[in-house]
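Next up, my_file10.txt (compact mmCIF, C-alpha atoms):
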# COMPACT_ATOMS: atom_id res chain seq x y z
CA MET R 1 -22.19 65.37 -254.78
CA ASP R 2 -22.13 62.16 -252.75
CA ASP R 3 -22.00 59.20 -255.17
CA ILE R 4 -19.68 58.64 -258.13
CA VAL R 5 -19.99 55.45 -260.17
CA VAL R 6 -17.32 54.43 -262.69
CA ILE R 7 -18.17 51.79 -265.30
CA GLY R 8 -15.13 49.99 -266.67
CA ALA R 9 -12.32 48.63 -264.50
CA GLY R 10 -9.41 49.01 -266.87
CA GLN R 11 -6.51 51.45 -266.85
CA ALA R 12 -8.74 54.53 -267.21
CA GLY R 13 -11.30 53.46 -264.61
CA ALA R 14 -8.67 52.48 -262.04
CA THR R 15 -6.79 55.74 -262.58
CA LEU R 16 -9.96 57.80 -262.32
CA VAL R 17 -11.04 56.41 -258.94
CA ALA R 18 -7.53 56.75 -257.52
CA THR R 19 -7.37 60.38 -258.67
CA LEU R 20 -10.76 61.18 -257.11
CA ARG R 21 -9.53 60.04 -253.72
CA ARG R 22 -6.12 61.63 -254.08
CA ASP R 23 -7.74 64.96 -254.93
CA GLY R 24 -9.96 64.92 -251.89
CA PHE R 25 -13.33 63.50 -252.92
CA ALA R 26 -14.91 62.14 -249.74
CA GLY R 27 -18.14 60.65 -251.10
CA LYS R 28 -18.93 57.11 -252.16
CA ILE R 29 -17.02 55.65 -255.12
CA THR R 30 -18.11 52.48 -256.91
CA LEU R 31 -16.00 50.90 -259.66
CA ILE R 32 -17.79 48.27 -261.77
CA GLY R 33 -15.85 45.90 -264.02
CA GLU R 34 -17.15 43.21 -266.35
CA GLU R 35 -14.10 40.96 -265.96
CA PRO R 36 -13.90 38.84 -262.78
CA VAL R 37 -10.54 40.30 -261.70
CA LEU R 38 -9.14 43.54 -260.31
CA PRO R 39 -7.92 46.18 -262.81
CA TYR R 40 -4.74 45.04 -264.54
CA GLU R 41 -2.19 46.08 -267.16
CA ARG R 42 -2.96 44.92 -270.69
CA PRO R 43 0.36 45.48 -272.57
CA PRO R 44 2.26 42.66 -270.76
CA LEU R 45 -0.53 40.14 -271.41
CA SER R 46 0.61 39.15 -274.87
CA LYS R 47 4.31 39.54 -274.09
CA ALA R 48 5.84 38.85 -270.69
CA TYR R 49 2.75 37.15 -269.23
CA LEU R 50 2.18 34.85 -272.21
CA LEU R 51 5.89 34.00 -272.25
CA GLY R 52 5.71 33.04 -268.58
CA GLU R 53 8.05 35.85 -267.57
CA MET R 54 5.49 37.70 -265.43
CA ALA R 55 3.26 36.29 -262.69
CA ARG R 56 -0.44 37.13 -262.71
CA GLU R 57 -0.15 39.12 -259.47
CA ARG R 58 2.26 41.54 -261.13
CA LEU R 59 -0.33 42.43 -263.75
CA TYR R 60 -2.63 44.08 -261.22
CA LEU R 61 -2.43 47.87 -261.23
CA ARG R 62 -2.99 47.99 -257.47
CA PRO R 63 -3.56 45.35 -254.79
CA ALA R 64 -7.00 44.78 -253.31
CA ALA R 65 -5.83 46.54 -250.13
CA PHE R 66 -5.46 49.82 -252.02
CA TYR R 67 -9.16 49.94 -252.86
CA ALA R 68 -10.15 48.90 -249.34
CA ASP R 69 -7.84 51.45 -247.73
CA ASN R 70 -9.24 54.20 -249.97
CA ASP R 71 -12.87 53.18 -249.46
CA VAL R 72 -13.46 52.34 -253.13
CA GLU R 73 -16.03 49.61 -253.69
CA VAL R 74 -14.80 47.44 -256.56
CA ILE R 75 -17.40 45.13 -258.10
CA THR R 76 -15.95 42.64 -260.58
CA GLY R 77 -17.62 40.19 -262.95
CA LEU R 78 -20.69 42.39 -263.37
CA ARG R 79 -22.08 43.56 -266.71
CA VAL R 80 -24.05 46.81 -266.68
CA ASP R 81 -27.30 46.49 -268.61
CA THR R 82 -28.47 50.08 -268.83
CA ILE R 83 -28.27 53.59 -267.43
CA ASP R 84 -31.46 55.25 -266.24
CA ARG R 85 -30.34 58.81 -266.92
CA GLY R 86 -33.56 60.36 -265.67
CA GLY R 87 -33.42 58.53 -262.36
CA LYS R 88 -29.58 58.67 -262.29
CA VAL R 89 -29.25 54.95 -261.64
CA VAL R 90 -26.95 52.33 -263.15
CA ILE R 91 -28.74 48.99 -263.57
CA ALA R 92 -26.90 45.66 -263.67
CA GLY R 93 -29.14 42.61 -263.43
CA ASP R 94 -31.09 42.91 -260.21
CA ARG R 95 -28.68 45.47 -258.77
CA GLN R 96 -28.98 49.24 -258.91
CA PHE R 97 -26.32 51.88 -258.26
CA PRO R 98 -27.48 55.48 -257.81
CA TYR R 99 -25.08 58.19 -258.90
CA ASP R 100 -24.62 61.94 -258.81
CA LYS R 101 -21.82 61.75 -261.38
CA LEU R 102 -21.02 58.83 -263.67
CA ALA R 103 -17.86 58.03 -265.66
CA LEU R 104 -17.78 55.68 -268.64
CA CYS R 105 -14.38 54.00 -268.99
CA THR R 106 -15.63 51.06 -271.03
CA GLY R 107 -12.52 50.77 -273.19
CA SER R 108 -12.57 48.93 -276.49
CA VAL R 109 -13.39 45.55 -277.96
CA PRO R 110 -11.35 43.56 -280.48
CA ARG R 111 -12.65 43.08 -283.98
CA ARG R 112 -13.33 39.44 -284.71
CA LEU R 113 -13.47 37.30 -287.81
CA PRO R 114 -16.99 36.48 -289.01
CA GLU R 115 -18.48 33.19 -287.83
CA ALA R 116 -19.31 32.43 -291.47
CA ILE R 117 -15.61 31.99 -292.29
CA GLY R 118 -14.75 30.06 -289.12
CA GLY R 119 -14.09 32.93 -286.74
CA ALA R 120 -15.85 31.16 -283.85
CA LEU R 121 -13.89 27.90 -284.11
CA PRO R 122 -12.00 26.82 -280.97
CA GLY R 123 -8.35 27.72 -281.38
CA VAL R 124 -9.13 31.17 -282.83
CA PHE R 125 -8.16 33.97 -280.44
CA THR R 126 -8.10 37.70 -280.05
CA VAL R 127 -5.56 39.17 -277.63
CA ARG R 128 -7.39 41.59 -275.36
CA THR R 129 -8.18 40.12 -271.94
CA LEU R 130 -6.53 37.99 -269.29
CA ALA R 131 -9.02 35.23 -270.12
CA ASP R 132 -8.00 35.39 -273.81
CA VAL R 133 -4.35 34.84 -272.98
CA ASP R 134 -5.00 32.17 -270.34
CA ALA R 135 -7.04 30.22 -272.91
CA MET R 136 -4.40 30.63 -275.59
CA ALA R 137 -1.33 29.79 -273.51
CA PRO R 138 -1.60 25.95 -273.51
CA LEU R 139 -1.61 25.95 -277.33
CA MET R 140 1.43 28.17 -277.66
CA ARG R 141 4.17 25.57 -277.78
CA PRO R 142 7.33 25.01 -279.82
CA ASP R 143 6.82 23.73 -283.37
CA ALA R 144 3.05 24.38 -283.30
CA ARG R 145 1.77 26.27 -286.34
CA ALA R 146 0.45 29.78 -285.72
CA LEU R 147 -1.44 31.89 -288.22
CA VAL R 148 -1.60 35.59 -287.40
CA VAL R 149 -4.29 37.58 -289.22
CA GLY R 150 -3.45 41.28 -289.44
CA GLY R 151 -0.18 43.14 -289.91
CA GLY R 152 -0.73 46.05 -287.54
CA TYR R 153 1.03 46.42 -284.21
CA ILE R 154 -1.23 43.90 -282.46
CA GLY R 155 -0.57 41.23 -285.08
CA LEU R 156 3.15 41.91 -285.26
CA GLU R 157 3.54 41.75 -281.48
CA ALA R 158 1.66 38.44 -281.45
CA ALA R 159 3.87 37.10 -284.22
CA ALA R 160 7.00 38.12 -282.30
CA VAL R 161 5.89 36.30 -279.16
CA ALA R 162 4.87 33.17 -281.10
CA SER R 163 8.25 33.17 -282.84
CA LYS R 164 10.10 33.54 -279.52
CA ILE R 165 8.20 30.53 -278.18
CA GLY R 166 9.49 28.54 -281.17
CA MET R 167 6.28 28.28 -283.17
CA ARG R 168 6.14 28.21 -286.94
CA VAL R 169 4.49 31.53 -287.72
CA THR R 170 2.73 32.83 -290.82
CA LEU R 171 1.29 36.35 -290.85
CA VAL R 172 -1.18 37.49 -293.50
CA GLU R 173 -1.99 41.14 -294.21
CA MET R 174 -4.63 42.15 -296.73
CA ALA R 175 -3.02 45.53 -297.52
CA ASP R 176 0.01 45.77 -299.76
CA ARG R 177 2.32 46.22 -296.76
CA ILE R 178 2.28 45.67 -293.02
CA LEU R 179 1.58 48.79 -290.90
CA SER R 180 0.20 50.52 -293.97
CA ARG R 181 -2.32 52.61 -292.01
CA VAL R 182 -0.01 53.81 -289.29
CA ALA R 183 3.62 53.79 -290.41
CA ALA R 184 5.92 55.03 -293.13
CA PRO R 185 6.99 52.59 -295.85
CA GLU R 186 10.49 52.67 -294.37
CA THR R 187 9.08 51.60 -290.99
CA SER R 188 7.20 48.75 -292.67
CA ASP R 189 10.43 47.69 -294.37
CA TYR R 190 12.27 47.75 -291.03
CA PHE R 191 9.74 45.50 -289.27
CA ARG R 192 9.27 43.17 -292.24
CA ALA R 193 13.01 42.51 -292.28
CA LEU R 194 13.07 42.13 -288.49
CA HIS R 195 10.34 39.50 -288.48
CA ARG R 196 11.75 37.60 -291.42
CA ARG R 197 15.11 37.40 -289.64
CA HIS R 198 13.22 35.63 -286.85
CA GLY R 199 11.61 33.17 -289.22
CA VAL R 200 8.14 34.70 -289.58
CA ASP R 201 6.58 34.09 -293.01
CA ILE R 202 4.94 37.44 -293.87
CA ARG R 203 2.36 37.43 -296.68
CA GLU R 204 1.33 40.94 -297.76
CA GLY R 205 -1.51 41.63 -300.16
CA THR R 206 -3.06 38.40 -298.89
CA GLY R 207 -6.46 38.02 -297.31
CA LEU R 208 -8.16 35.19 -295.48
CA GLN R 209 -10.91 33.33 -297.34
CA GLU R 210 -11.87 30.95 -294.55
CA LEU R 211 -10.67 28.94 -291.59
CA THR R 212 -11.11 25.19 -291.72
CA GLY R 213 -11.78 22.56 -289.11
CA GLU R 214 -14.71 20.93 -287.35
CA ASP R 215 -14.18 20.65 -283.58
CA ARG R 216 -11.35 23.20 -283.71
CA VAL R 217 -9.36 25.18 -286.24
CA THR R 218 -6.93 23.08 -288.27
CA GLY R 219 -6.10 25.30 -291.20
CA ALA R 220 -6.88 28.24 -293.44
CA VAL R 221 -7.62 29.00 -297.06
CA LEU R 222 -6.02 32.24 -298.19
CA SER R 223 -7.44 34.66 -300.71
CA HIS R 224 -5.28 33.31 -303.52
CA GLY R 225 -6.49 29.77 -302.87
CA GLU R 226 -3.46 28.54 -300.96
CA THR R 227 -4.15 26.33 -297.94
CA LEU R 228 -2.18 26.39 -294.70
CA ALA R 229 -2.22 24.14 -291.66
CA ALA R 230 -2.77 25.98 -288.38
CA ASP R 231 -2.93 24.87 -284.76
CA VAL R 232 -3.61 28.40 -283.45
CA VAL R 233 -5.05 31.47 -285.16
CA ILE R 234 -4.43 34.88 -283.59
CA VAL R 235 -6.61 37.70 -284.88
CA GLY R 236 -5.12 41.19 -284.74
CA ILE R 237 -7.34 43.27 -287.02
CA GLY R 238 -7.92 46.21 -284.72
CA ILE R 239 -10.25 47.33 -281.97
CA SER R 240 -13.47 49.33 -281.77
CA PRO R 241 -14.63 51.62 -278.97
CA ALA R 242 -17.01 49.95 -276.51
CA THR R 243 -20.01 52.22 -277.01
CA ALA R 244 -22.98 49.82 -276.77
CA LEU R 245 -23.97 51.00 -273.29
CA ALA R 246 -23.71 54.66 -274.25
CA GLU R 247 -25.75 54.12 -277.41
CA ALA R 248 -28.45 52.21 -275.49
CA SER R 249 -28.59 55.12 -273.04
CA GLU R 250 -28.90 57.65 -275.90
CA ILE R 251 -25.60 59.31 -275.15
CA VAL R 252 -24.09 60.81 -278.31
CA VAL R 253 -21.56 58.55 -280.02
CA GLU R 254 -19.21 59.69 -282.76
CA ASN R 255 -16.40 57.19 -283.35
CA GLY R 256 -16.46 56.66 -279.61
CA ILE R 257 -18.40 58.36 -276.85
CA ARG R 258 -18.40 62.02 -277.83
CA THR R 259 -16.96 64.31 -275.16
CA ASP R 260 -16.13 67.97 -274.90
CA ALA R 261 -12.61 69.15 -274.18
CA GLN R 262 -13.07 68.43 -270.47
CA GLY R 263 -14.40 64.88 -270.89
CA ARG R 264 -18.10 65.59 -270.44
CA THR R 265 -20.53 63.66 -272.66
CA SER R 266 -23.85 64.88 -274.07
CA ASP R 267 -25.26 64.28 -270.57
CA PRO R 268 -23.68 66.88 -268.23
CA ASP R 269 -23.51 64.39 -265.34
CA ILE R 270 -21.81 61.64 -267.37
CA TRP R 271 -18.14 61.71 -268.38
CA ALA R 272 -15.92 59.43 -270.46
CA ALA R 273 -12.20 58.62 -270.60
CA GLY R 274 -9.85 56.15 -272.26
CA ASP R 275 -10.19 54.11 -275.46
CA CYS R 276 -13.97 54.62 -275.58
CA ALA R 277 -13.82 58.44 -275.62
CA SER R 278 -13.87 60.65 -278.72
CA LEU R 279 -12.33 64.03 -277.95
CA PRO R 280 -11.65 67.30 -279.79
CA TYR R 281 -8.08 67.73 -280.96
CA ARG R 282 -6.77 70.50 -283.23
CA GLY R 283 -10.04 71.08 -285.03
CA ARG R 284 -11.06 67.45 -285.44
CA ARG R 285 -12.20 64.54 -283.30
CA ILE R 286 -9.92 61.65 -282.40
CA ARG R 287 -9.68 58.60 -280.16
CA LEU R 288 -6.36 57.68 -278.61
CA GLU R 289 -5.81 53.99 -277.97
CA SER R 290 -2.92 54.00 -275.55
CA VAL R 291 -2.13 53.37 -271.90
CA GLN R 292 -0.70 56.85 -271.44
CA ASN R 293 -3.82 58.53 -272.79
CA ALA R 294 -6.03 56.38 -270.55
CA ILE R 295 -4.02 57.57 -267.54
CA ASP R 296 -3.71 61.24 -268.50
CA GLN R 297 -7.29 61.65 -269.66
CA ALA R 298 -8.73 59.81 -266.64
CA GLU R 299 -6.77 62.06 -264.27
CA CYS R 300 -8.06 65.16 -266.04
CA VAL R 301 -11.65 63.90 -266.10
CA ALA R 302 -11.52 63.04 -262.38
CA ARG R 303 -10.42 66.59 -261.59
CA ASN R 304 -13.14 68.02 -263.82
CA MET R 305 -15.79 65.86 -262.14
CA LEU R 306 -14.73 67.68 -258.97
CA GLY R 307 -15.06 71.08 -260.64
CA ALA R 308 -11.58 71.87 -261.96
CA GLY R 309 -12.82 73.00 -265.39
CA GLN R 310 -9.58 72.06 -267.20
CA ASP R 311 -9.39 71.20 -270.90
CA TYR R 312 -7.57 67.97 -271.65
CA VAL R 313 -4.65 68.62 -274.00
CA PRO R 314 -3.16 65.29 -275.06
CA TYR R 315 0.42 64.75 -276.13
CA PRO R 316 0.01 61.40 -277.93
CA TRP R 317 2.74 58.83 -277.51
CA PHE R 318 2.80 55.07 -277.94
CA TRP R 319 5.19 52.17 -277.94
CA SER R 320 5.56 48.61 -279.18
CA ASP R 321 8.09 45.93 -278.20
CA GLN R 322 9.00 43.27 -280.76
CA TYR R 323 12.00 40.98 -280.20
CA ASP R 324 14.87 43.29 -279.24
CA CYS R 325 13.33 46.31 -280.96
CA LYS R 326 11.53 49.09 -279.10
CA LEU R 327 9.31 51.26 -281.27
CA GLN R 328 8.45 54.64 -279.74
CA ILE R 329 5.94 56.99 -281.36
CA ALA R 330 5.13 60.59 -280.49
CA GLY R 331 2.43 62.67 -282.16
CA LEU R 332 -0.13 61.74 -284.80
CA SER R 333 0.90 61.42 -288.45
CA ALA R 334 -2.56 61.85 -290.05
CA GLY R 335 -2.46 64.43 -292.83
CA HIS R 336 1.27 64.18 -293.46
CA ASP R 337 2.69 64.86 -296.90
CA ARG R 338 6.41 64.30 -296.26
CA ILE R 339 8.49 61.73 -294.39
CA VAL R 340 12.15 62.22 -293.51
CA THR R 341 14.07 59.15 -292.33
CA ARG R 342 17.17 59.32 -290.17
CA GLU R 343 19.44 56.40 -289.30
CA GLY R 344 20.09 55.73 -285.64
CA PRO R 345 23.51 55.69 -284.00
CA GLU R 346 25.88 53.24 -285.65
CA GLY R 347 23.05 51.99 -287.87
CA SER R 348 21.31 50.29 -284.95
CA GLY R 349 17.89 51.79 -285.62
CA GLN R 350 16.07 54.50 -287.49
CA THR R 351 13.52 57.24 -287.00
CA ALA R 352 10.85 58.59 -289.35
CA PHE R 353 9.89 62.25 -288.97
CA TRP R 354 6.43 63.04 -290.35
CA TYR R 355 5.74 66.52 -291.76
CA TYR R 356 2.66 68.44 -292.92
CA ARG R 357 2.88 71.00 -295.72
CA GLY R 358 6.50 70.04 -296.07
CA ASP R 359 7.86 71.65 -292.92
CA THR R 360 5.43 71.29 -289.97
CA LEU R 361 6.42 68.38 -287.74
CA LEU R 362 3.50 66.08 -286.88
CA ALA R 363 5.01 62.91 -285.43
CA VAL R 364 8.11 60.76 -284.99
CA ASP R 365 8.46 56.96 -285.16
CA ALA R 366 11.71 55.74 -283.61
CA MET R 367 12.99 52.15 -283.81
CA ASN R 368 15.77 51.50 -281.27
CA ASP R 369 16.62 55.20 -281.39
CA ALA R 370 15.67 56.64 -278.01
CA ARG R 371 17.69 59.82 -278.53
CA SER R 372 15.83 60.81 -281.69
CA TYR R 373 12.53 59.91 -280.07
CA MET R 374 13.10 62.09 -277.01
CA VAL R 375 14.21 65.05 -279.12
CA GLY R 376 11.24 64.65 -281.45
CA LYS R 377 8.81 64.34 -278.56
CA ARG R 378 10.12 67.50 -276.91
CA LEU R 379 9.96 69.40 -280.21
CA LEU R 380 6.33 68.34 -280.67
CA GLU R 381 5.39 69.33 -277.13
CA ALA R 382 7.00 72.73 -277.69
CA GLY R 383 5.20 73.16 -281.01
CA ARG R 384 8.47 73.48 -282.91
CA SER R 385 9.37 72.08 -286.32
CA PRO R 386 13.03 71.56 -287.25
CA ASP R 387 14.18 72.00 -290.84
CA PRO R 388 13.64 68.63 -292.60
CA ALA R 389 16.99 68.94 -294.34
CA ALA R 390 18.75 69.33 -290.99
CA VAL R 391 16.91 66.31 -289.60
CA ALA R 392 17.93 64.18 -292.59
CA ASP R 393 21.60 65.24 -292.34
CA PRO R 394 23.45 62.55 -290.32
CA ASP R 395 25.94 65.22 -289.19
CA THR R 396 23.25 67.26 -287.46
CA ASP R 397 23.30 67.12 -283.68
CA LEU R 398 19.61 66.58 -282.93
CA LYS R 399 19.87 68.01 -279.41
CA ALA R 400 21.03 71.28 -280.94
CA LEU R 401 17.65 71.53 -282.70
CA LEU R 402 16.05 71.99 -279.29
CA LYS R 403 18.04 75.18 -278.81
CA GLY R 404 17.53 76.60 -282.29
Would you give me this structure, written as structure tokens?
Amino acid sequence: MDDIVVIGAGQAGATLVATLRRDGFAGKITLIGEEPVLPYERPPLSKAYLLGEMARERLYLRPAAFYADNDVEVITGLRVDTIDRGGKVVIAGDRQFPYDKLALCTGSVPRRLPEAIGGALPGVFTVRTLADVDAMAPLMRPDARALVVGGGYIGLEAAAVASKIGMRVTLVEMADRILSRVAAPETSDYFRALHRRHGVDIREGTGLQELTGEDRVTGAVLSHGETLAADVVIVGIGISPATALAEASEIVVENGIRTDAQGRTSDPDIWAAGDCASLPYRGRRIRLESVQNAIDQAECVARNMLGAGQDYVPYPWFWSDQYDCKLQIAGLSAGHDRIVTREGPEGSGQTAFWYYRGDTLLAVDAMNDARSYMVGKRLLEAGRSPDPAAVADPDTDLKALLKG
């Protein structure tokens, strides 16, 4: 095996090539990215970077010298058109890249509003790339009017940043509560109150009928007929796995690029990692949209490309920063039938413990409660489920549950 090509220069792709070299691969490595910049961190884009608290150079995962010193050819600003699986060649315009093994780390793409309702108007943004944020930044100014569409974590983080800048922020969520797909009602209540304390006007059970404006967005008509003025519209309605290249190459796709437990796709010489990959997990298939999964899965896939033969066993965890609140999540709550809420120390936060069949712990969501989060995470990793009544009892020492 002499040539490895990695398509996608995000967190997963950058981690994968670094792991290949660290673990002794001596052949040629080519990393191809569609964006015209070196691999960079995405989480700070819409927070510290947009607020001007982080310089662009600090976003980069590694300096250019790292790739040069490790003999990794990084090609930026290049879109791959197709994969000739029979000839084992990646084709991008008039360039061809032969491979012995190929990794797809194509990530995800943001969902956009339809053009028919004004989704393509200037002043309407998604928050996914460095270019998105650079284009948005000049419009994010005090007293400007921001409309945020979507009450998931992406939308709420955008609303928090806009509020900190001093903008007048309205957030609309079509469901009956923010975070309805991913969080307990108590968690929704916590973040609704947090945002309202910072002046964000949250409208739940409210959809968007259309955006208005000619040369740029100037307002919105909501589903109930109300009109709002808007200088900036930020769309946070989720992301989808970037599978177009895999589909065009007839690689099996199933809510992402389908992989086995080791990261191998339906083509034995092609692998996948990160947001784009659909993997087996406890009898079902999932995708994990998180930085930590991109790192852990890419490391495992790199080792398997070199013959390690290790199954990837994820321990899902996520985080979100909004104002002075840090949300930390461990596990996956899908299938829960019981939620136990515990107040944090001195009422400063709270944690939701998610259970299945009443007593099997699935996940924890902790708001400004690092102690409960760490205990819950360790319990999940150990496959242990504390008694829900003990968890709910404020007199219970959570650390003692680790010994029980």
task: Within 9 Å of stretch 339-355 of chain R, counting all atoms listed in the file, which residues show up once you throw out same-chain ones fewer than 5 positions away? Write them as an MDAnalysis selection string, please.
output: chainID R and resid 183:184 186:187 190 325 332:333 360:373 376 385 388:389 391:394
Would you save the residues from that selection as a JSON list (two decimals), in the frame of the given file, using C-alpha atoms?
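Here's the written file part.json:
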[["chain", "number", "residue", "atom", "x", "y", "z"],
["R", 183, "ALA", "CA", 3.62, 53.79, -290.41],
["R", 184, "ALA", "CA", 5.92, 55.03, -293.13],
["R", 186, "GLU", "CA", 10.49, 52.67, -294.37],
["R", 187, "THR", "CA", 9.08, 51.60, -290.99],
["R", 190, "TYR", "CA", 12.27, 47.75, -291.03],
["R", 325, "CYS", "CA", 13.33, 46.31, -280.96],
["R", 332, "LEU", "CA", -0.13, 61.74, -284.80],
["R", 333, "SER", "CA", 0.90, 61.42, -288.45],
["R", 360, "THR", "CA", 5.43, 71.29, -289.97],
["R", 361, "LEU", "CA", 6.42, 68.38, -287.74],
["R", 362, "LEU", "CA", 3.50, 66.08, -286.88],
["R", 363, "ALA", "CA", 5.01, 62.91, -285.43],
["R", 364, "VAL", "CA", 8.11, 60.76, -284.99],
["R", 365, "ASP", "CA", 8.46, 56.96, -285.16],
["R", 366, "ALA", "CA", 11.71, 55.74, -283.61],
["R", 367, "MET", "CA", 12.99, 52.15, -283.81],
["R", 368, "ASN", "CA", 15.77, 51.50, -281.27],
["R", 369, "ASP", "CA", 16.62, 55.20, -281.39],
["R", 370, "ALA", "CA", 15.67, 56.64, -278.01],
["R", 371, "ARG", "CA", 17.69, 59.82, -278.53],
["R", 372, "SER", "CA", 15.83, 60.81, -281.69],
["R", 373, "TYR", "CA", 12.53, 59.91, -280.07],
["R", 376, "GLY", "CA", 11.24, 64.65, -281.45],
["R", 385, "SER", "CA", 9.37, 72.08, -286.32],
["R", 388, "PRO", "CA", 13.64, 68.63, -292.60],
["R", 389, "ALA", "CA", 16.99, 68.94, -294.34],
["R", 391, "VAL", "CA", 16.91, 66.31, -289.60],
["R", 392, "ALA", "CA", 17.93, 64.18, -292.59],
["R", 393, "ASP", "CA", 21.60, 65.24, -292.34],
["R", 394, "PRO", "CA", 23.45, 62.55, -290.32]]
message: Calculated over all atoms listed in the file, which of the candidates R:Arg42, R:Gly309, R:Val37, R:Ser240 has the smallest distance to R:Ala64?
response: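 Ranked by minimum distance to R:Ala64, first place goes to R:Val37.
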8 Å per side around stretch 12-23 of chain R: axis-aligned box centre and edge lengths, as JSON:
{"center_x": -8.7, "center_y": 58.7, "center_z": -260.5, "size_x": 21.2, "size_y": 28.5, "size_z": 29.5}
- request: Quick one: everything within 9 Å of R:Thr19, counting only C-alpha atoms, minus sequence neighbours fewer than 3 positions away in the same chain. Send it as a PyMOL selection string.
  value: chain R and resi 14-16+22-25+298-300+302-303
Any chance you could export the current selection's C-alpha atoms as a short mmCIF file (atom, residue, chain, number, x, y, z; two decimals), keeping the file's coordinate frame?
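File produced: part14.cif:
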data_model
loop_
_atom_site.label_atom_id
_atom_site.label_comp_id
_atom_site.auth_asym_id
_atom_site.auth_seq_id
_atom_site.Cartn_x
_atom_site.Cartn_y
_atom_site.Cartn_z
CA ALA R 14 -8.67 52.48 -262.04
CA THR R 15 -6.79 55.74 -262.58
CA LEU R 16 -9.96 57.80 -262.32
CA ARG R 22 -6.12 61.63 -254.08
CA ASP R 23 -7.74 64.96 -254.93
CA GLY R 24 -9.96 64.92 -251.89
CA PHE R 25 -13.33 63.50 -252.92
CA ALA R 298 -8.73 59.81 -266.64
CA GLU R 299 -6.77 62.06 -264.27
CA CYS R 300 -8.06 65.16 -266.04
CA ALA R 302 -11.52 63.04 -262.38
CA ARG R 303 -10.42 66.59 -261.59
#
- prompt: Residues at most 8 Å from R:Gly166, counting only C-alpha atoms, excluding those fewer than 5 positions away in the same chain, as a VMD selection string?
  reply: chain R and resid 141 to 144
Since the input lacks some atoms of stretch 368-372 of chain R, please model all heavy atoms and print them as a CSV table (one decimal), keeping the file's coordinate frame.
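What follows is the written file rebuild18.csv:
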chain,number,residue,atom,x,y,z
R,368,ASN,N,14.5,51.6,-282.0
R,368,ASN,CA,15.8,51.5,-281.3
R,368,ASN,C,16.6,52.8,-281.4
R,368,ASN,O,17.8,52.7,-281.7
R,368,ASN,CB,16.6,50.3,-281.8
R,368,ASN,CG,16.1,49.0,-281.2
R,368,ASN,OD1,15.3,49.0,-280.3
R,368,ASN,ND2,16.5,47.9,-281.8
R,369,ASP,N,15.9,53.9,-281.3
R,369,ASP,CA,16.6,55.2,-281.4
R,369,ASP,C,16.0,56.1,-280.4
R,369,ASP,O,15.3,57.1,-280.7
R,369,ASP,CB,16.4,55.7,-282.8
R,369,ASP,CG,17.3,57.0,-283.1
R,369,ASP,OD1,18.0,57.4,-282.2
R,369,ASP,OD2,17.3,57.5,-284.2
R,370,ALA,N,16.3,55.9,-279.1
R,370,ALA,CA,15.7,56.6,-278.0
R,370,ALA,C,16.0,58.1,-278.1
R,370,ALA,O,15.2,59.0,-277.7
R,370,ALA,CB,16.1,56.0,-276.7
R,371,ARG,N,17.2,58.4,-278.5
R,371,ARG,CA,17.7,59.8,-278.5
R,371,ARG,C,16.8,60.6,-279.5
R,371,ARG,O,16.3,61.7,-279.2
R,371,ARG,CB,19.2,59.9,-278.9
R,371,ARG,CG,19.7,61.3,-279.0
R,371,ARG,CD,21.2,61.2,-279.5
R,371,ARG,NE,21.8,62.5,-279.7
R,371,ARG,CZ,22.5,63.1,-278.7
R,371,ARG,NH1,22.7,62.5,-277.5
R,371,ARG,NH2,23.1,64.3,-278.9
R,372,SER,N,16.6,60.1,-280.7
R,372,SER,CA,15.8,60.8,-281.7
R,372,SER,C,14.4,60.9,-281.2
R,372,SER,O,13.7,62.0,-281.4
R,372,SER,CB,15.9,60.1,-283.0
R,372,SER,OG,17.2,60.2,-283.6
